Amino acid sequence: MTLHADYDPDNIFAKIVRGEMPSVKVFEDETALAFMDVFPQSEGHTLIIPKEVQARNFLDMPTERVGAYMERVQTVARAVEKALNPDGVVVTQFNGAPAGQTVFHLHFHVIPRWTDKALSGHASGQMADISNLEAIAAKIRAELG
Ligand code: 5GP
């Protein structure tokens with residue numbers, strides 16, 4: 001049962017928030033942290049996670065904190081779009097393993113789409129080249145001012 005379970009404070013995204021694991025960051029404030037997905041489904045695949053909250057998924061997120069968090073999701077999605085000029089942008093998240101969730105700290109995916117480019121698999125395949133992710137993150141950061 002992964003939809004309702006105790007929050008594991010040692011999940012990989014909790015470690016990233018605490019700085020115990022590296023990430024290629026594009027945005028951070030007191031509410032949220034955004035960083036590049038290391039198994040990107042497309043160029044610019046970015047994750048936005050809430051800080052200072054133990055929410056495994058969107059259903060767990062305290063309602064009074066959803067608004068501020070979703071503002072950051074939109075801010076990052078807009079910056080990804082401006083930085084990379086895709087034809088479309090997927091903004092999505094999964095709740096529970098049967099829904100596709102693999103990391104149990106709430107996160108939204110921002111996945112740019114181009115008309116003629118297929119998506120890579122979800123949370124699979126080759127880990128991205130970090131210097132390549134750094135270059136993409138720099139473009140996104142530039143749009144965040
Ligand atoms: P979920 O399957 O839970 O919706 O998404 C988890 C996402 O985290 C996947 O897209 C996967 O590629 C990504 N991911 C897994 N481990 C790491 C990691 O250590 N660092 C980063 N940046 N992304 C990760």
# chains A, B, ... in the order shown; residues from 1 in each chain; ligands from 1
>>> residues_near_ligand(ligand="ligand 1", cutoff="8 Å", atoms="only C-alpha atoms and all ligand atoms", output="short mmCIF file (atom, residue, chain, number, x, y, z; two decimals) with N, CA and C atoms, in the first residue's frame")
data_model
loop_
_atom_site.label_atom_id
_atom_site.label_comp_id
_atom_site.auth_asym_id
_atom_site.auth_seq_id
_atom_site.Cartn_x
_atom_site.Cartn_y
_atom_site.Cartn_z
N ILE A 12 14.80 9.82 -1.28
CA ILE A 12 15.86 10.53 -2.01
C ILE A 12 15.58 12.04 -2.11
N PHE A 13 14.33 12.44 -2.25
CA PHE A 13 14.06 13.88 -2.39
C PHE A 13 14.22 14.61 -1.05
N ILE A 16 17.77 15.26 -0.87
CA ILE A 16 18.14 16.38 -1.75
C ILE A 16 17.81 17.71 -1.07
N MET A 21 22.18 14.83 -0.67
CA MET A 21 22.39 14.26 -2.01
C MET A 21 22.43 15.43 -2.99
N PRO A 22 23.25 15.32 -4.04
CA PRO A 22 23.37 16.43 -4.98
C PRO A 22 22.15 16.52 -5.91
N SER A 23 21.92 17.71 -6.44
CA SER A 23 20.90 17.89 -7.47
C SER A 23 21.29 19.11 -8.29
N VAL A 24 20.75 19.18 -9.49
CA VAL A 24 20.99 20.34 -10.36
C VAL A 24 19.78 21.25 -10.18
N PHE A 35 14.46 21.11 -9.35
CA PHE A 35 15.74 20.59 -9.86
C PHE A 35 15.48 19.70 -11.07
N MET A 36 16.57 19.45 -11.80
CA MET A 36 16.44 18.65 -13.02
C MET A 36 16.27 17.17 -12.68
N ASP A 37 15.37 16.51 -13.40
CA ASP A 37 15.21 15.05 -13.27
C ASP A 37 16.44 14.38 -13.88
N VAL A 38 17.05 13.45 -13.14
CA VAL A 38 18.27 12.80 -13.66
C VAL A 38 17.98 11.69 -14.66
N PHE A 39 16.71 11.30 -14.79
CA PHE A 39 16.30 10.37 -15.85
C PHE A 39 15.24 11.09 -16.69
N PRO A 40 15.66 12.15 -17.39
CA PRO A 40 14.66 13.02 -18.04
C PRO A 40 13.89 12.31 -19.15
N GLN A 41 12.59 12.57 -19.17
CA GLN A 41 11.77 12.02 -20.25
C GLN A 41 11.86 12.88 -21.51
N LEU A 47 11.62 18.83 -11.83
CA LEU A 47 10.77 18.41 -10.70
C LEU A 47 10.66 19.54 -9.70
N GLN A 93 1.70 14.78 -11.91
CA GLN A 93 2.25 14.08 -10.74
C GLN A 93 1.46 12.80 -10.51
N PHE A 94 2.05 11.85 -9.78
CA PHE A 94 1.46 10.53 -9.56
C PHE A 94 1.30 10.27 -8.07
N ASN A 95 0.24 9.60 -7.70
CA ASN A 95 -0.05 9.30 -6.29
C ASN A 95 -0.13 7.79 -6.09
N ALA A 97 2.26 3.93 -6.03
CA ALA A 97 2.98 3.15 -7.04
C ALA A 97 2.08 2.68 -8.20
N GLY A 100 2.03 5.11 -10.80
CA GLY A 100 3.30 5.43 -11.46
C GLY A 100 4.32 6.10 -10.57
N GLN A 101 3.95 6.35 -9.30
CA GLN A 101 4.89 7.06 -8.42
C GLN A 101 6.04 6.14 -8.01
N THR A 102 7.26 6.67 -8.05
CA THR A 102 8.44 5.89 -7.64
C THR A 102 9.21 6.53 -6.49
N VAL A 103 9.02 7.83 -6.28
CA VAL A 103 9.67 8.51 -5.14
C VAL A 103 8.57 9.13 -4.29
N PHE A 104 8.61 8.83 -2.98
CA PHE A 104 7.46 9.14 -2.14
C PHE A 104 7.65 10.40 -1.29
N HIS A 105 7.99 11.47 -2.00
CA HIS A 105 7.92 12.85 -1.49
C HIS A 105 7.23 13.61 -2.61
N LEU A 106 6.16 14.31 -2.29
CA LEU A 106 5.37 14.99 -3.33
C LEU A 106 6.24 15.74 -4.33
N HIS A 107 5.95 15.58 -5.59
CA HIS A 107 6.64 16.35 -6.64
C HIS A 107 5.74 16.47 -7.85
N PHE A 108 5.86 17.61 -8.51
CA PHE A 108 5.24 17.78 -9.83
C PHE A 108 6.34 17.69 -10.87
N HIS A 109 6.01 17.06 -11.98
CA HIS A 109 6.91 17.00 -13.14
C HIS A 109 6.52 18.11 -14.10
N HIS A 122 9.52 6.61 -18.25
CA HIS A 122 9.39 7.25 -16.95
C HIS A 122 10.35 6.59 -15.95
N ALA A 123 11.19 7.42 -15.30
CA ALA A 123 12.10 6.96 -14.24
C ALA A 123 12.91 5.75 -14.68
N SER A 124 13.44 5.80 -15.89
CA SER A 124 14.17 4.63 -16.40
C SER A 124 15.20 5.09 -17.42
#
>>> residues_around(residues="A:Val90", least_positions_apart="2", cutoff="7 Å", atoms="only C-alpha atoms", output="PyMOL selection string")
chain A and resi 88+92+110-112
>>> atom_distance(atom1="atom CA of A:Tyr7", atom2="atom CA of A:Arg56")
5.9 Å
>>> closest_residue(among="A:Ile49, A:Ala118, A:Ala34, A:Ala55", to="A:Ala5", atoms="only C-alpha atoms")
A:Ala55
>>> atom_distance(atom1="atom CA of A:Phe27", atom2="atom CA of A:Val91")
16.5 Å
>>> atom_distance(atom1="atom CA of A:Glu64", atom2="atom CA of A:Pro50")
12.6 Å
>>> residues_around(residues="A:Arg65", least_positions_apart="6", cutoff="12 Å", atoms="only C-alpha atoms", output="PyMOL selection string")
chain A and resi 30-32+50-55+58-59+71-72
>>> residues_around(residues="stretch 132-140 of chain A", least_positions_apart="3", cutoff="6 Å", atoms="only C-alpha atoms", output="ChimeraX atom specification")
/A:26,79-80,83,129,143
>>> residues_around(residues="A:Asp116", least_positions_apart="2", cutoff="12 Å", atoms="only C-alpha atoms", output="number ranges by chain")
A: 42, 86-88, 113-114, 118-119
>>> select_by_dssp(residues="stretch 56-138 of chain A", states="alpha helix (DSSP H)", output="ChimeraX atom specification")
/A:63-84,130-138
>>> write_last_selection(atoms="N, CA, C and O atoms", output="CSV table (one decimal), in the first residue's frame")
chain,number,residue,atom,x,y,z
A,63,THR,N,-3.7,21.3,3.0
A,63,THR,CA,-4.5,22.2,2.1
A,63,THR,C,-4.0,23.6,2.1
A,63,THR,O,-3.8,24.3,1.0
A,64,GLU,N,-3.7,24.1,3.3
A,64,GLU,CA,-3.3,25.5,3.4
A,64,GLU,C,-1.9,25.8,2.8
A,64,GLU,O,-1.5,27.0,2.6
A,65,ARG,N,-1.2,24.7,2.4
A,65,ARG,CA,0.1,24.9,1.8
A,65,ARG,C,0.1,24.7,0.3
A,65,ARG,O,1.1,24.9,-0.4
A,66,VAL,N,-1.0,24.2,-0.2
A,66,VAL,CA,-1.1,23.9,-1.6
A,66,VAL,C,-0.9,25.1,-2.5
A,66,VAL,O,-0.2,25.1,-3.5
A,67,GLY,N,-1.6,26.2,-2.1
A,67,GLY,CA,-1.6,27.4,-3.0
A,67,GLY,C,-0.2,27.9,-3.2
A,67,GLY,O,0.2,28.1,-4.4
A,68,ALA,N,0.6,28.1,-2.2
A,68,ALA,CA,2.0,28.6,-2.3
A,68,ALA,C,2.8,27.7,-3.1
A,68,ALA,O,3.6,28.1,-4.0
A,69,TYR,N,2.6,26.4,-2.9
A,69,TYR,CA,3.4,25.4,-3.6
A,69,TYR,C,3.1,25.4,-5.1
A,69,TYR,O,4.0,25.4,-6.0
A,70,MET,N,1.8,25.4,-5.4
A,70,MET,CA,1.4,25.4,-6.8
A,70,MET,C,1.8,26.7,-7.5
A,70,MET,O,2.0,26.6,-8.8
A,71,GLU,N,1.9,27.8,-6.8
A,71,GLU,CA,2.4,29.0,-7.5
A,71,GLU,C,3.9,28.8,-7.9
A,71,GLU,O,4.2,29.2,-9.0
A,72,ARG,N,4.6,28.0,-7.2
A,72,ARG,CA,6.0,27.7,-7.6
A,72,ARG,C,6.0,26.8,-8.7
A,72,ARG,O,6.9,26.9,-9.6
A,73,VAL,N,5.1,25.8,-8.7
A,73,VAL,CA,5.0,24.9,-9.9
A,73,VAL,C,4.8,25.7,-11.2
A,73,VAL,O,5.4,25.5,-12.2
A,74,GLN,N,3.8,26.6,-11.1
A,74,GLN,CA,3.6,27.5,-12.3
A,74,GLN,C,4.7,28.3,-12.7
A,74,GLN,O,5.1,28.5,-13.9
A,75,THR,N,5.4,28.9,-11.7
A,75,THR,CA,6.6,29.8,-11.9
A,75,THR,C,7.6,29.0,-12.7
A,75,THR,O,8.2,29.5,-13.7
A,76,VAL,N,7.9,27.8,-12.2
A,76,VAL,CA,8.9,27.0,-12.9
A,76,VAL,C,8.5,26.5,-14.2
A,76,VAL,O,9.3,26.6,-15.2
A,77,ALA,N,7.2,26.1,-14.4
A,77,ALA,CA,6.7,25.7,-15.7
A,77,ALA,C,6.8,26.8,-16.7
A,77,ALA,O,7.2,26.6,-17.9
A,78,ARG,N,6.5,28.0,-16.3
A,78,ARG,CA,6.6,29.2,-17.2
A,78,ARG,C,8.1,29.4,-17.6
A,78,ARG,O,8.4,29.7,-18.8
A,79,ALA,N,9.0,29.3,-16.6
A,79,ALA,CA,10.4,29.5,-16.9
A,79,ALA,C,11.0,28.4,-17.9
A,79,ALA,O,11.7,28.7,-18.8
A,80,VAL,N,10.5,27.2,-17.7
A,80,VAL,CA,11.0,26.1,-18.6
A,80,VAL,C,10.5,26.4,-20.0
A,80,VAL,O,11.2,26.2,-21.0
A,81,GLU,N,9.2,26.8,-20.1
A,81,GLU,CA,8.7,27.1,-21.4
A,81,GLU,C,9.5,28.2,-22.1
A,81,GLU,O,9.8,28.1,-23.3
A,82,LYS,N,9.7,29.3,-21.3
A,82,LYS,CA,10.5,30.4,-21.9
A,82,LYS,C,11.9,30.0,-22.3
A,82,LYS,O,12.4,30.5,-23.3
A,83,ALA,N,12.5,29.2,-21.5
A,83,ALA,CA,13.9,28.8,-21.7
A,83,ALA,C,14.1,27.9,-22.9
A,83,ALA,O,15.1,28.0,-23.6
A,84,LEU,N,13.2,27.0,-23.1
A,84,LEU,CA,13.4,25.9,-24.1
A,84,LEU,C,12.4,26.0,-25.3
A,84,LEU,O,12.6,25.2,-26.2
A,130,ILE,N,25.4,15.0,-16.3
A,130,ILE,CA,25.2,16.1,-15.4
A,130,ILE,C,25.6,17.5,-16.0
A,130,ILE,O,24.9,18.5,-15.8
A,131,SER,N,26.7,17.5,-16.8
A,131,SER,CA,27.0,18.8,-17.4
A,131,SER,C,26.0,19.3,-18.4
A,131,SER,O,25.7,20.5,-18.5
A,132,ASN,N,25.4,18.3,-19.1
A,132,ASN,CA,24.2,18.7,-20.0
A,132,ASN,C,23.1,19.2,-19.2
A,132,ASN,O,22.5,20.3,-19.5
A,133,LEU,N,22.7,18.6,-18.0
A,133,LEU,CA,21.7,19.1,-17.2
A,133,LEU,C,22.0,20.5,-16.6
A,133,LEU,O,21.1,21.3,-16.5
A,134,GLU,N,23.3,20.7,-16.3
A,134,GLU,CA,23.7,22.0,-15.8
A,134,GLU,C,23.4,23.1,-16.8
A,134,GLU,O,23.0,24.2,-16.5
A,135,ALA,N,23.7,22.8,-18.1
A,135,ALA,CA,23.6,23.8,-19.2
A,135,ALA,C,22.1,24.1,-19.4
A,135,ALA,O,21.7,25.3,-19.5
A,136,ILE,N,21.2,23.1,-19.3
A,136,ILE,CA,19.8,23.3,-19.4
A,136,ILE,C,19.3,24.1,-18.2
A,136,ILE,O,18.5,25.1,-18.4
A,137,ALA,N,19.7,23.7,-17.0
A,137,ALA,CA,19.3,24.4,-15.8
A,137,ALA,C,19.7,25.9,-15.9
A,137,ALA,O,18.9,26.8,-15.4
A,138,ALA,N,20.8,26.2,-16.4
A,138,ALA,CA,21.3,27.6,-16.5
A,138,ALA,C,20.3,28.4,-17.3
A,138,ALA,O,20.0,29.6,-17.0
